[in-house]
>>> print(open('protein13.tsv').read())   # TSV, C-alpha atoms
chain	number	residue	atom	x	y	z
A	1	MET	CA	-32.56	-18.33	-239.05
A	2	ILE	CA	-31.94	-15.61	-236.45
A	3	TRP	CA	-32.42	-12.06	-237.73
A	4	PHE	CA	-31.69	-8.70	-236.13
A	5	GLU	CA	-35.29	-8.67	-234.87
A	6	ASP	CA	-34.70	-11.96	-233.01
A	7	VAL	CA	-31.48	-10.92	-231.21
A	8	GLU	CA	-32.24	-10.55	-227.50
A	9	ILE	CA	-30.61	-7.99	-225.24
A	10	GLY	CA	-29.11	-9.65	-222.18
A	11	THR	CA	-28.16	-12.87	-223.95
A	12	LYS	CA	-24.72	-13.92	-222.68
A	13	ARG	CA	-22.52	-16.52	-224.36
A	14	ASP	CA	-19.55	-18.27	-222.79
A	15	LEU	CA	-17.09	-18.31	-225.70
A	16	GLY	CA	-14.77	-20.83	-224.04
A	17	THR	CA	-11.13	-20.60	-223.05
A	18	TYR	CA	-7.76	-20.04	-224.68
A	19	THR	CA	-4.29	-20.68	-223.27
A	20	PHE	CA	-1.55	-18.32	-224.48
A	21	THR	CA	1.86	-19.85	-225.23
A	22	GLU	CA	5.19	-18.04	-225.19
A	23	ASP	CA	5.87	-18.94	-228.83
A	24	GLU	CA	2.53	-17.53	-230.01
A	25	ILE	CA	2.92	-14.36	-227.96
A	26	ILE	CA	6.35	-13.71	-229.47
A	27	ALA	CA	5.33	-14.60	-233.04
A	28	PHE	CA	2.34	-12.23	-232.97
A	29	ALA	CA	4.32	-9.40	-231.41
A	30	LYS	CA	7.32	-9.69	-233.74
A	31	LYS	CA	4.96	-9.01	-236.61
A	32	TYR	CA	2.60	-6.44	-235.13
A	33	ASP	CA	3.78	-5.10	-231.76
A	34	PRO	CA	7.55	-5.49	-231.28
A	35	GLN	CA	7.87	-3.93	-227.83
A	36	ILE	CA	10.56	-5.53	-225.69
A	37	PHE	CA	8.11	-6.96	-223.12
A	38	HIS	CA	6.22	-8.77	-225.94
A	39	ILE	CA	9.18	-10.33	-227.79
A	40	ASP	CA	12.12	-10.91	-225.45
A	41	PRO	CA	11.49	-13.05	-222.33
A	42	ASP	CA	14.81	-12.12	-220.68
A	43	ALA	CA	14.73	-8.39	-221.35
A	44	ALA	CA	11.04	-8.38	-220.33
A	45	LYS	CA	12.07	-9.35	-216.78
A	46	LYS	CA	13.68	-5.94	-216.34
A	47	THR	CA	10.56	-4.03	-217.43
A	48	MET	CA	7.64	-2.86	-215.27
A	49	PHE	CA	5.80	-6.08	-216.20
A	50	GLY	CA	8.53	-8.34	-214.78
A	51	GLY	CA	8.25	-10.80	-217.67
A	52	LEU	CA	6.87	-11.50	-221.11
A	53	ILE	CA	3.26	-10.41	-221.76
A	54	ALA	CA	1.00	-10.71	-224.81
A	55	SER	CA	0.28	-7.77	-227.09
A	56	GLY	CA	-3.15	-6.38	-226.25
A	57	TRP	CA	-4.10	-6.81	-229.92
A	58	HIS	CA	-3.30	-10.51	-229.60
A	59	THR	CA	-5.69	-10.76	-226.63
A	60	ALA	CA	-8.32	-9.00	-228.78
A	61	ALA	CA	-7.71	-11.21	-231.84
A	62	VAL	CA	-8.22	-14.33	-229.71
A	63	TRP	CA	-11.65	-12.95	-228.71
A	64	MET	CA	-12.51	-12.90	-232.42
A	65	LYS	CA	-11.23	-16.44	-232.87
A	66	LEU	CA	-13.42	-17.74	-230.04
A	67	ALA	CA	-16.43	-15.67	-231.15
A	68	ILE	CA	-16.28	-17.22	-234.63
A	69	ALA	CA	-15.93	-20.72	-233.14
A	70	ASP	CA	-18.98	-19.98	-230.97
A	71	ARG	CA	-20.97	-18.82	-234.00
A	72	ASP	CA	-20.08	-22.04	-235.81
A	73	ARG	CA	-21.16	-24.00	-232.74
A	74	ALA	CA	-24.48	-22.14	-232.64
A	75	ARG	CA	-24.97	-22.88	-236.34
A	76	ARG	CA	-24.51	-26.58	-235.67
A	77	GLU	CA	-27.23	-26.23	-233.01
A	78	GLY	CA	-29.50	-24.78	-235.69
A	79	LYS	CA	-29.17	-21.14	-234.55
A	80	THR	CA	-27.87	-19.53	-237.72
A	81	LEU	CA	-27.56	-15.74	-237.71
A	82	GLY	CA	-28.74	-13.82	-240.75
A	83	ARG	CA	-25.88	-12.42	-242.85
A	84	SER	CA	-23.49	-10.90	-240.30
A	85	GLY	CA	-19.86	-10.71	-239.32
A	86	VAL	CA	-19.12	-7.20	-240.53
A	87	SER	CA	-18.24	-4.68	-237.83
A	88	PRO	CA	-17.85	-0.90	-237.93
A	89	GLY	CA	-15.49	-0.96	-234.93
A	90	PHE	CA	-15.30	-1.04	-231.14
A	91	GLU	CA	-15.49	1.20	-228.08
A	92	ASP	CA	-13.94	1.30	-224.60
A	93	LEU	CA	-11.32	-1.36	-225.28
A	94	ARG	CA	-9.43	-1.95	-222.02
A	95	TRP	CA	-6.29	-3.97	-221.35
A	96	ILE	CA	-6.73	-4.32	-217.60
A	97	LYS	CA	-4.19	-6.99	-216.54
A	98	PRO	CA	-1.13	-8.39	-218.32
A	99	VAL	CA	-1.60	-11.72	-220.15
A	100	ARG	CA	1.38	-14.01	-219.56
A	101	PRO	CA	2.56	-17.27	-221.18
A	102	GLY	CA	0.61	-20.24	-219.83
A	103	MET	CA	-2.35	-18.11	-218.74
A	104	THR	CA	-5.80	-19.38	-219.66
A	105	LEU	CA	-8.46	-16.78	-220.37
A	106	ARG	CA	-12.21	-17.37	-220.44
A	107	TYR	CA	-13.99	-15.08	-222.89
A	108	THR	CA	-17.64	-14.02	-222.73
A	109	SER	CA	-19.97	-11.93	-224.90
A	110	GLU	CA	-23.24	-10.31	-223.81
A	111	THR	CA	-25.67	-8.51	-226.11
A	112	ILE	CA	-26.32	-5.06	-224.63
A	113	GLU	CA	-27.96	-2.90	-227.31
A	114	LYS	CA	-29.72	-3.05	-230.67
A	115	ILE	CA	-29.75	-0.01	-232.92
A	116	GLU	CA	-31.94	0.40	-235.99
A	117	LEU	CA	-30.18	2.30	-238.76
A	118	LYS	CA	-31.84	5.18	-240.58
A	119	SER	CA	-29.45	4.78	-243.52
A	120	ARG	CA	-29.88	1.02	-244.00
A	121	LYS	CA	-33.15	-0.90	-243.88
A	122	ASP	CA	-31.52	-4.27	-244.55
A	123	ILE	CA	-29.22	-4.43	-241.51
A	124	GLY	CA	-29.16	-3.35	-237.86
A	125	LEU	CA	-26.34	-2.74	-235.40
A	126	VAL	CA	-25.90	-5.00	-232.37
A	127	LYS	CA	-23.60	-3.98	-229.50
A	128	SER	CA	-22.01	-6.48	-227.14
A	129	ARG	CA	-19.99	-6.27	-223.95
A	130	ASN	CA	-17.05	-8.64	-224.34
A	131	GLU	CA	-14.80	-9.71	-221.50
A	132	ALA	CA	-11.92	-12.05	-220.75
A	133	TYR	CA	-11.13	-13.40	-217.31
A	134	ASP	CA	-8.04	-15.13	-215.94
A	135	GLU	CA	-9.35	-18.66	-215.41
A	136	ALA	CA	-7.04	-19.18	-212.40
A	137	SER	CA	-7.78	-16.03	-210.40
A	138	GLY	CA	-11.15	-15.01	-211.85
A	139	GLU	CA	-9.83	-11.49	-212.44
A	140	LEU	CA	-11.08	-9.44	-215.38
A	141	VAL	CA	-8.13	-8.86	-217.72
A	142	PHE	CA	-9.68	-7.50	-220.93
A	143	SER	CA	-12.95	-5.89	-222.03
A	144	PHE	CA	-14.47	-3.94	-224.89
A	145	ILE	CA	-17.77	-2.99	-226.46
A	146	GLY	CA	-18.11	-4.70	-229.82
A	147	LYS	CA	-20.36	-3.67	-232.68
A	148	GLY	CA	-21.66	-5.88	-235.45
A	149	PHE	CA	-24.13	-5.56	-238.29
A	150	VAL	CA	-26.84	-8.23	-238.45
A	151	GLN	CA	-29.25	-8.73	-241.33
A	152	ARG	CA	-32.86	-7.70	-240.71
A	153	ARG	CA	-35.73	-10.05	-241.36
A	154	PRO	CA	-36.57	-9.74	-245.05
A	155	ALA	CA	-40.03	-8.39	-245.80
A	156	THR	CA	-42.28	-11.16	-247.02
B	1	MET	CA	17.91	9.22	-235.57
B	2	SER	CA	18.71	10.29	-232.05
B	3	ASN	CA	19.33	7.69	-229.38
B	4	LYS	CA	17.56	9.82	-226.84
B	5	LEU	CA	14.12	8.45	-226.02
B	6	LEU	CA	11.06	10.66	-226.17
B	7	HIS	CA	9.40	11.51	-222.86
B	8	PHE	CA	6.02	12.85	-221.80
B	9	GLU	CA	7.13	16.46	-222.26
B	10	ASP	CA	7.95	15.81	-225.93
B	11	PHE	CA	4.30	15.18	-226.80
B	12	ALA	CA	2.74	18.60	-227.35
B	13	VAL	CA	-0.92	18.63	-228.37
B	14	GLY	CA	-1.09	18.65	-232.17
B	15	ARG	CA	2.31	17.01	-232.73
B	16	LYS	CA	2.13	14.51	-235.57
B	17	PHE	CA	4.09	11.38	-236.46
B	18	VAL	CA	3.82	9.41	-239.68
B	19	GLY	CA	4.47	5.83	-240.75
B	20	GLY	CA	4.18	3.47	-243.68
B	21	PRO	CA	3.88	2.53	-246.43
B	22	TYR	CA	2.55	-0.91	-245.42
B	23	ARG	CA	1.66	-3.15	-248.35
B	24	VAL	CA	-1.13	-5.63	-247.51
B	25	THR	CA	-0.84	-8.98	-249.28
B	26	LYS	CA	-3.49	-11.61	-249.87
B	27	ASP	CA	-1.29	-14.18	-248.12
B	28	GLU	CA	-1.06	-12.03	-245.00
B	29	ILE	CA	-4.85	-11.57	-244.98
B	30	PHE	CA	-5.37	-15.33	-245.31
B	31	GLU	CA	-2.75	-16.14	-242.68
B	32	PHE	CA	-4.29	-13.84	-240.04
B	33	ALA	CA	-7.86	-14.86	-240.90
B	34	ARG	CA	-7.13	-18.59	-240.70
B	35	GLU	CA	-5.73	-18.11	-237.20
B	36	PHE	CA	-8.04	-15.46	-235.73
B	37	ASP	CA	-11.00	-14.58	-237.93
B	38	PRO	CA	-12.02	-17.46	-240.22
B	39	GLN	CA	-15.00	-15.85	-241.95
B	40	PRO	CA	-15.68	-16.21	-245.70
B	41	HIS	CA	-15.15	-12.49	-246.44
B	42	HIS	CA	-11.56	-12.82	-245.13
B	43	LEU	CA	-10.76	-16.27	-246.59
B	44	ASP	CA	-12.73	-17.05	-249.71
B	45	GLU	CA	-12.59	-14.73	-252.71
B	46	GLU	CA	-15.79	-16.02	-254.32
B	47	ALA	CA	-17.82	-16.02	-251.11
B	48	ALA	CA	-16.43	-12.57	-250.23
B	49	LYS	CA	-18.05	-11.11	-253.36
B	50	GLN	CA	-21.45	-12.09	-251.95
B	51	SER	CA	-20.70	-10.60	-248.51
B	52	MET	CA	-21.62	-7.15	-247.17
B	53	LEU	CA	-18.10	-5.97	-248.06
B	54	GLY	CA	-18.35	-6.99	-251.71
B	55	GLY	CA	-14.93	-8.63	-251.89
B	56	LEU	CA	-12.01	-10.05	-249.97
B	57	SER	CA	-10.90	-7.85	-247.05
B	58	ALA	CA	-8.61	-8.03	-244.03
B	59	SER	CA	-9.99	-8.76	-240.57
B	60	GLY	CA	-10.57	-5.52	-238.70
B	61	TRP	CA	-8.39	-6.86	-235.89
B	62	GLN	CA	-5.59	-7.35	-238.40
B	63	VAL	CA	-6.04	-3.76	-239.58
B	64	SER	CA	-5.73	-2.67	-235.94
B	65	ALA	CA	-2.61	-4.82	-235.53
B	66	ILE	CA	-1.07	-3.24	-238.64
B	67	ALA	CA	-1.83	0.23	-237.27
B	68	MET	CA	-0.24	-0.85	-233.98
B	69	ARG	CA	2.91	-1.89	-235.84
B	70	LEU	CA	3.11	1.46	-237.61
B	71	PHE	CA	2.47	3.30	-234.31
B	72	ALA	CA	5.17	1.23	-232.62
B	73	ASP	CA	7.69	2.06	-235.35
B	74	ALA	CA	6.73	5.76	-235.44
B	75	VAL	CA	6.33	6.47	-231.72
B	76	ILE	CA	6.42	3.71	-229.13
B	77	LEU	CA	9.82	2.24	-229.91
B	78	LYS	CA	11.28	5.76	-229.67
B	79	THR	CA	9.58	6.54	-226.35
B	80	ALA	CA	10.16	5.75	-222.68
B	81	ASN	CA	6.70	4.21	-222.54
B	82	LEU	CA	4.91	1.95	-220.09
B	83	GLY	CA	2.41	-0.18	-222.00
B	84	GLY	CA	-1.05	0.86	-223.08
B	85	PRO	CA	-4.30	0.78	-221.06
B	86	GLY	CA	-6.57	0.67	-224.11
B	87	CYS	CA	-8.53	2.52	-226.78
B	88	ASP	CA	-11.59	4.76	-226.29
B	89	ASP	CA	-12.72	4.30	-229.88
B	90	GLY	CA	-11.89	2.22	-232.94
B	91	ARG	CA	-13.61	2.51	-236.31
B	92	TRP	CA	-13.16	0.30	-239.34
B	93	MET	CA	-14.27	2.76	-242.00
B	94	LYS	CA	-13.17	1.19	-245.29
B	95	PRO	CA	-12.39	-2.42	-246.14
B	96	VAL	CA	-8.65	-3.14	-246.45
B	97	ARG	CA	-8.09	-5.20	-249.60
B	98	PRO	CA	-5.20	-7.29	-250.94
B	99	GLY	CA	-2.70	-4.94	-252.61
B	100	ASP	CA	-3.71	-1.90	-250.55
B	101	VAL	CA	-0.80	0.33	-249.57
B	102	LEU	CA	-1.46	1.91	-246.18
B	103	MET	CA	-0.01	5.09	-244.75
B	104	PHE	CA	-0.23	5.97	-241.06
B	105	GLU	CA	-0.60	9.29	-239.31
B	106	THR	CA	-0.98	9.92	-235.60
B	107	GLU	CA	-1.57	13.15	-233.72
B	108	VAL	CA	-1.46	14.06	-230.03
B	109	LEU	CA	-5.03	14.89	-228.96
B	110	SER	CA	-4.43	15.66	-225.29
B	111	VAL	CA	-1.95	15.20	-222.48
B	112	LYS	CA	-2.57	14.61	-218.79
B	113	ALA	CA	0.00	14.59	-216.00
B	114	PRO	CA	-1.62	13.31	-212.80
B	115	ALA	CA	-0.25	15.11	-209.74
B	116	SER	CA	-0.45	11.83	-207.84
B	117	ARG	CA	1.92	10.04	-210.25
B	118	PRO	CA	4.96	12.27	-210.83
B	119	GLU	CA	6.88	9.61	-212.77
B	120	PHE	CA	4.64	9.50	-215.85
B	121	GLY	CA	1.85	11.14	-217.82
B	122	PHE	CA	-0.83	10.04	-220.27
B	123	VAL	CA	-0.68	11.00	-223.94
B	124	LYS	CA	-3.89	10.52	-225.94
B	125	PHE	CA	-3.40	9.92	-229.67
B	126	VAL	CA	-5.65	9.62	-232.67
B	127	TRP	CA	-4.49	7.15	-235.31
B	128	ARG	CA	-5.52	7.43	-238.95
B	129	LEU	CA	-4.68	4.66	-241.38
B	130	PHE	CA	-5.08	5.80	-245.00
B	131	ASN	CA	-5.38	3.65	-248.10
B	132	GLN	CA	-3.79	4.56	-251.44
B	133	ARG	CA	-6.96	6.43	-252.45
B	134	GLY	CA	-6.49	8.78	-249.49
B	135	GLN	CA	-9.50	7.36	-247.64
B	136	VAL	CA	-9.31	6.78	-243.89
B	137	ALA	CA	-9.56	2.99	-243.53
B	138	GLU	CA	-9.23	2.95	-239.75
B	139	PHE	CA	-9.55	5.55	-236.99
B	140	VAL	CA	-8.48	4.81	-233.40
B	141	VAL	CA	-8.23	6.87	-230.22
B	142	THR	CA	-5.73	5.39	-227.79
B	143	THR	CA	-3.74	6.39	-224.71
B	144	MET	CA	-0.03	5.86	-224.15
B	145	PRO	CA	1.56	6.41	-220.75
B	146	ALA	CA	5.04	7.96	-221.11
B	147	ARG	CA	7.72	8.56	-218.51
B	148	ARG	CA	8.34	12.15	-217.57
B	149	GLY	CA	11.74	13.62	-218.38
B	150	ALA	CA	14.28	14.94	-215.89
>>> encode(input="protein13.tsv", output="structure tokens")
Amino acid sequence: MIWFEDVEIGTKRDLGTYTFTEDEIIAFAKKYDPQIFHIDPDAAKKTMFGGLIASGWHTAAVWMKLAIADRDRARREGKTLGRSGVSPGFEDLRWIKPVRPGMTLRYTSETIEKIELKSRKDIGLVKSRNEAYDEASGELVFSFIGKGFVQRRPAT
Amino acid sequence: MSNKLLHFEDFAVGRKFVGGPYRVTKDEIFEFAREFDPQPHHLDEEAAKQSMLGGLSASGWQVSAIAMRLFADAVILKTANLGGPGCDDGRWMKPVRPGDVLMFETEVLSVKAPASRPEFGFVKFVWRLFNQRGQVAEFVVTTMPARRGA
């Protein structure tokens, strides 16, 4: 079991890749972000983006999807985190380049800070720098600082 | 409702816009979580009781997406806007549960019109998403570029 005390700053995980499809981009945006350049491929051509692009919140949600898959993978390798998965939020979330249908993004997550909490002795806060790159060009397209609570090693 | 789109000059510091109500269903929580955030506290009612959140709750990213929808309806779809560069801050302050009815309020925090880019300016907003108990469930600071008027 990996506790807050065991989490190492500087650890970087490759979370794998995800390819965005036009259908998924439109379905997500119709529900949560119905701007013309997210839902209408033809009308999107006449916008500043020159074509359909994914909602930034879709790009962020896919980070979560891959982060959970990575955690499950780590668990199968015997590296189970103490009770975790709850987050108080994020910082510096940046949509840097448009994400278009057919684009494949590679997501990464690096542990950058551990914060002990005065108010809670049972959990600590871990900060991570999360990024997504266009697999074809290598360009950074998305980044944010994530925060997650991780259980502290129980006193024995 | 006027057909005239809002422009940069329409966003005075302190101006507020409201949205909602948005009723959160268990099915919607499950649907989002299965696709993007398959953790027990978003998918399994019994397991969720044992989690840090003490019961079933929506993924924070879904809460952000709901706030985005309410911001789009209240502001973006009525504005000559240019797509967003991001959010300085986002805080998930209270769990969002099945049956919660959310109300949205946004306020202009600051405006910036770069001399180098005469065609648009940046409007910084704070979003507050309230639950039916009047608690702030989510707080976000985000920037929206808007075209300048005539």
>>> atom_distance(input="protein13.tsv", atom1="atom CA of A:Thr104", atom2="atom CA of B:Asp37")
19.6 Å
>>> atom_distance(input="protein13.tsv", atom1="atom CA of A:Leu52", atom2="atom CA of A:Leu66")
23.0 Å
>>> closest_atom_pairs(input="protein13.tsv", of="chain A", to="chain B", cutoff="8 Å", atoms="all atoms listed in the file", output="Markdown table")
| residue | atom | partner | partner_atom | distance |
| --- | --- | --- | --- | --- |
| A:Lys31 | CA | B:Arg69 | CA | 7.4 |
| A:Tyr32 | CA | B:Arg69 | CA | 4.6 |
| A:Asp33 | CA | B:Arg69 | CA | 5.3 |
| A:Pro34 | CA | B:Ala72 | CA | 7.3 |
| A:Gln35 | CA | B:Leu77 | CA | 6.8 |
| A:Met48 | CA | B:Leu82 | CA | 7.3 |
| A:Trp57 | CA | B:Ala65 | CA | 6.1 |
| A:Ala60 | CA | B:Trp61 | CA | 7.4 |
| A:Ala61 | CA | B:Phe36 | CA | 5.8 |
| A:Val62 | CA | B:Phe36 | CA | 6.1 |
| A:Met64 | CA | B:Asp37 | CA | 6.0 |
| A:Lys65 | CA | B:Phe36 | CA | 4.4 |
| A:Ile68 | CA | B:Asp37 | CA | 6.8 |
| A:Arg83 | CA | B:Ser51 | CA | 7.9 |
| A:Gly85 | CA | B:Gln39 | CA | 7.5 |
| A:Val86 | CA | B:Met52 | CA | 7.1 |
| A:Ser87 | CA | B:Trp92 | CA | 7.3 |
| A:Pro88 | CA | B:Trp92 | CA | 5.0 |
| A:Gly89 | CA | B:Arg91 | CA | 4.2 |
| A:Phe90 | CA | B:Gly90 | CA | 5.0 |
| A:Glu91 | CA | B:Asp89 | CA | 4.5 |
| A:Asp92 | CA | B:Asp88 | CA | 4.5 |
| A:Leu93 | CA | B:Cys87 | CA | 5.0 |
| A:Arg94 | CA | B:Gly86 | CA | 4.4 |
| A:Trp95 | CA | B:Pro85 | CA | 5.2 |
| A:Ile96 | CA | B:Pro85 | CA | 6.6 |
>>> residues_around(input="protein13.tsv", residues="B:Met103", least_positions_apart="5", cutoff="7 Å", atoms="all atoms listed in the file", output="ChimeraX atom specification")
/B:19-22,129-131
>>> residues_near_point(input="protein13.tsv", point="(-10.6, -19.6, -220.9)", cutoff="10 Å", atoms="all atoms listed in the file", output="ChimeraX atom specification")
/A:14-20,66,103-108,132-136
>>> residues_around(input="protein13.tsv", residues="B:Glu9", least_positions_apart="6", cutoff="9 Å", atoms="all atoms listed in the file", output="list in words")
Gly121, Ala146, Arg147, Arg148 and Gly149 of chain B
>>> closest_residue(input="protein13.tsv", among="B:Leu6, B:Glu31, B:Lys26, B:Ala80", to="A:Phe28", atoms="only C-alpha atoms")
B:Glu31
